[in-house]
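Participant: Okay, here's the structure, questions in a sec.
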Amino acid sequence: MVTHHVFDPARRGQVPAGLCALAVMTKAPQAGRVKTRLTPPLTPDEAAALNTCFLRDTAAAITAATADGRSRGIGVYTPVGAEGAYDGILPNHFALLPQRGDKFDERLVCATEDLLAIGFASVCLIDSDSPTVPAEVFTEAVEALREPGDRIVLGPSDDGGYYLIGLKELHREVFADIDWSTERVLEQTKQRAEDAGLPVHLLPNWYDVDDRTTLGRLCAELFGENGRGMAAGGAPSTRDYLNALIEQEGRSRIWPEVSTS
């Protein structure tokens, strides 16, 4: 049974006027199909479980950002037919939208096009790899897109990409000729926006968790003495899951200590 409303992108005017879509791009969390660069140190089942935690924490931050009624949480998912996989992961007030397109840039373009066609006034496409991004960042993105005039909102990632892109209109050019999965993504996107005459609003820098090194960084953020996630109470699902793994077998496999000698 599917508990979430699934948008039909062929139908117009499905949402109230003026809303921003806070849309997390997601692949159904199946072992061996998600977070594969985290195996090892995680097993495929553990990587899928961690991906589920990432989605829950991102959805919780989005939910907090939508409390003022100016935005709505959406899961832009793949594959079609996996709608039921999000029961118990995304809150029931989230809606779902199937992804279209084969290549990464095509999926981003199609998601933007479909969400605007449904009736959203603006769209933020959000990755599912940054579970400690706080609600305040999403609120800032929504507010920036409510300002008069066209613009692009970007959330820079430390690896040279971005964890969020926000648009008020579909500008295909900002997704064109980008060297995806490289450190050049953000700068190339900013250049495409500049070429199109679009101002860029930059959100705070954050980071993606997609390999052993960034998993260690996440653990340091959540469990270190000065971890901002722990201090802010952020990413509780992720924190609880990783803490359970560490308590079961020690930290060496998941978060090995760095030698200072």
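If you're wondering about the labels, chains in the structure tokens are A, B, ... by order shown, residues count from 1 in each chain, ligands from 1 in order shown.
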What's the 12 Å shell around region 83-95 of chain A, counting only C-alpha atoms, without same-chain residues fewer than 5 positions away, as a ChimeraX atom specification?
Facilitator: /A:1-8,14-15,21-24,26-30,48-64,66-67,71-78,115,118,128,237
Participant: Determine which residues of region 70-253 of chain A receive a DSSP assignment of helix (DSSP H, G or I), computed from the backbone, and state them as an MDAnalysis selection string.
Facilitator: chainID A and resid 83:86 104:118 135:146 172:175 185:195 212:223 228:232 236:249
Participant: Quick one: residues within 7 Å of Asp129 (chain A), only C-alpha atoms counted, chain neighbours fewer than 5 positions away excluded, as a ChimeraX atom specification?
Facilitator: /A:54,208-210
Participant: Taking into account only C-alpha atoms, which residue in the set A:Ser181, A:Glu169, A:Met25, A:Thr132 is nearest to Leu96 (chain A)?
Facilitator: A:Met25
Participant: To one decimal in Å, tell me the separation between CA of Cys219 (chain A) and CA of Leu245 (chain A).
Facilitator: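 Calculated distance between CA of Cys219 (chain A) and CA of Leu245 (chain A) is 11.4 Å.
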Participant: Go through region 67-217 of chain A and collect every residue that DSSP, computed from the backbone, puts in strand (DSSP E or B); the answer should be as a ChimeraX atom specification.
Facilitator: /A:71-78,87,90,95-98,122-126,152-157,162-167,200-202,206
Participant: Save the residues we just selected, N, CA, C and O atoms, as a compact mmCIF listing (two decimals), in the first residue's frame?
Facilitator:
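Dumped to part36.txt:
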# COMPACT_ATOMS: atom_id res chain seq x y z
N SER A 71 6.46 26.22 1.67
CA SER A 71 7.12 25.19 0.87
C SER A 71 6.52 23.83 1.23
O SER A 71 5.77 23.69 2.20
N ARG A 72 6.86 22.82 0.41
CA ARG A 72 6.36 21.48 0.64
C ARG A 72 7.45 20.46 0.31
O ARG A 72 8.21 20.64 -0.64
N GLY A 73 7.53 19.41 1.10
CA GLY A 73 8.50 18.36 0.88
C GLY A 73 8.05 17.38 -0.18
O GLY A 73 6.91 16.92 -0.18
N ILE A 74 8.98 17.04 -1.07
CA ILE A 74 8.72 16.12 -2.17
C ILE A 74 9.85 15.11 -2.24
O ILE A 74 11.02 15.46 -2.07
N GLY A 75 9.53 13.86 -2.55
CA GLY A 75 10.54 12.86 -2.87
C GLY A 75 10.49 12.59 -4.37
O GLY A 75 9.48 12.09 -4.87
N VAL A 76 11.56 12.95 -5.08
CA VAL A 76 11.64 12.69 -6.52
C VAL A 76 12.40 11.38 -6.67
O VAL A 76 13.62 11.33 -6.51
N TYR A 77 11.68 10.31 -6.96
CA TYR A 77 12.20 8.96 -6.74
C TYR A 77 12.39 8.16 -8.03
O TYR A 77 11.82 8.46 -9.08
N THR A 78 13.19 7.14 -7.91
CA THR A 78 13.37 6.13 -8.94
C THR A 78 13.68 4.81 -8.23
O THR A 78 14.27 4.84 -7.14
N ASP A 87 7.35 4.31 2.44
CA ASP A 87 6.49 4.23 3.62
C ASP A 87 7.37 4.02 4.85
O ASP A 87 8.21 3.11 4.88
N LEU A 90 9.92 8.50 4.39
CA LEU A 90 9.49 9.89 4.22
C LEU A 90 8.19 10.09 4.98
O LEU A 90 7.31 9.21 4.97
N ALA A 95 4.93 14.35 -0.66
CA ALA A 95 4.40 13.75 -1.89
C ALA A 95 5.56 13.15 -2.67
O ALA A 95 6.73 13.44 -2.39
N LEU A 96 5.23 12.32 -3.64
CA LEU A 96 6.23 11.68 -4.48
C LEU A 96 6.06 12.12 -5.92
O LEU A 96 4.95 12.39 -6.38
N LEU A 97 7.18 12.18 -6.63
CA LEU A 97 7.18 12.47 -8.06
C LEU A 97 8.18 11.53 -8.71
O LEU A 97 9.35 11.49 -8.31
N PRO A 98 7.76 10.75 -9.72
CA PRO A 98 8.71 9.85 -10.38
C PRO A 98 9.76 10.61 -11.18
O PRO A 98 9.45 11.63 -11.81
N SER A 122 8.54 27.72 -7.33
CA SER A 122 9.98 27.56 -7.37
C SER A 122 10.32 26.15 -6.93
O SER A 122 9.49 25.44 -6.34
N VAL A 123 11.56 25.76 -7.21
CA VAL A 123 11.97 24.37 -6.98
C VAL A 123 13.38 24.38 -6.38
O VAL A 123 14.27 25.06 -6.88
N CYS A 124 13.58 23.60 -5.33
CA CYS A 124 14.91 23.29 -4.83
C CYS A 124 15.12 21.79 -4.96
O CYS A 124 14.37 21.00 -4.37
N LEU A 125 16.11 21.40 -5.74
CA LEU A 125 16.49 20.00 -5.86
C LEU A 125 17.61 19.73 -4.87
O LEU A 125 18.64 20.41 -4.89
N ILE A 126 17.42 18.74 -4.00
CA ILE A 126 18.29 18.51 -2.85
C ILE A 126 18.84 17.10 -2.92
O ILE A 126 18.11 16.15 -3.21
N ILE A 152 19.30 31.98 -9.32
CA ILE A 152 19.64 30.60 -9.02
C ILE A 152 20.15 30.55 -7.59
O ILE A 152 20.88 31.45 -7.15
N VAL A 153 19.76 29.53 -6.84
CA VAL A 153 20.29 29.29 -5.50
C VAL A 153 21.14 28.04 -5.54
O VAL A 153 20.72 27.01 -6.09
N LEU A 154 22.33 28.10 -4.97
CA LEU A 154 23.24 26.96 -4.95
C LEU A 154 23.75 26.71 -3.54
O LEU A 154 24.15 27.65 -2.84
N GLY A 155 23.76 25.45 -3.15
CA GLY A 155 24.37 25.03 -1.90
C GLY A 155 25.69 24.34 -2.21
O GLY A 155 25.67 23.17 -2.62
N PRO A 156 26.82 25.00 -2.05
CA PRO A 156 28.11 24.41 -2.45
C PRO A 156 28.51 23.24 -1.55
O PRO A 156 28.35 23.29 -0.33
N SER A 157 29.04 22.20 -2.18
CA SER A 157 29.62 21.07 -1.45
C SER A 157 31.14 21.19 -1.47
O SER A 157 31.72 21.72 -2.43
N TYR A 162 27.40 20.53 -5.69
CA TYR A 162 26.41 21.24 -4.88
C TYR A 162 25.41 20.24 -4.31
O TYR A 162 25.12 19.22 -4.91
N TYR A 163 24.92 20.56 -3.10
CA TYR A 163 23.93 19.72 -2.45
C TYR A 163 22.51 20.21 -2.70
O TYR A 163 21.54 19.51 -2.39
N LEU A 164 22.38 21.42 -3.26
CA LEU A 164 21.06 21.99 -3.55
C LEU A 164 21.20 22.96 -4.72
O LEU A 164 22.18 23.72 -4.80
N ILE A 165 20.22 22.90 -5.61
CA ILE A 165 20.07 23.93 -6.64
C ILE A 165 18.62 24.37 -6.65
O ILE A 165 17.70 23.55 -6.66
N GLY A 166 18.42 25.69 -6.59
CA GLY A 166 17.07 26.24 -6.57
C GLY A 166 16.83 27.13 -7.77
O GLY A 166 17.70 27.91 -8.16
N LEU A 167 15.65 27.00 -8.36
CA LEU A 167 15.30 27.77 -9.55
C LEU A 167 13.85 28.23 -9.47
O LEU A 167 13.00 27.56 -8.88
N VAL A 200 23.31 34.63 -8.60
CA VAL A 200 23.45 33.39 -7.84
C VAL A 200 23.48 33.70 -6.36
O VAL A 200 24.28 34.54 -5.91
N HIS A 201 22.60 33.05 -5.61
CA HIS A 201 22.60 33.15 -4.14
C HIS A 201 23.26 31.88 -3.61
O HIS A 201 22.79 30.78 -3.86
N LEU A 202 24.35 32.06 -2.87
CA LEU A 202 25.08 30.92 -2.33
C LEU A 202 24.67 30.64 -0.88
O LEU A 202 24.68 31.55 -0.04
N TRP A 206 28.61 22.85 2.58
CA TRP A 206 28.38 21.61 3.32
C TRP A 206 29.18 20.50 2.65
O TRP A 206 30.11 20.78 1.90
Participant: Excluding Asp177 (chain A) and any residue of its chain fewer than 5 positions from it, enumerate the residues within 10 Å of it, using only C-alpha atoms, and give them as a PDB file with C-alpha atoms, in the first residue's frame.
Facilitator:
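Contents of the output file part-v3.pdb:
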ATOM      1  CA  ASP A 105      21.429  16.174 -16.036  1.00  0.00           C
ATOM      2  CA  VAL A 185      30.493  21.114 -11.140  1.00  0.00           C
ATOM      3  CA  GLN A 188      30.733  25.426 -14.191  1.00  0.00           C
ATOM      4  CA  THR A 189      27.171  25.870 -12.964  1.00  0.00           C
ATOM      5  CA  ARG A 192      26.351  28.945 -16.877  1.00  0.00           C
TER       6      ARG A 192
END
Participant: Residues at most 9 Å from Gly32 (chain A), counting only C-alpha atoms, excluding those fewer than 3 positions away in the same chain, as a PyMOL selection string?
Facilitator: chain A and resi 29+35-36+39+43-45+47-48
Participant: So what do you get for CA of Phe138 (chain A) versus CA of Ala65 (chain A), distance-wise?
Facilitator: 6.1 Å
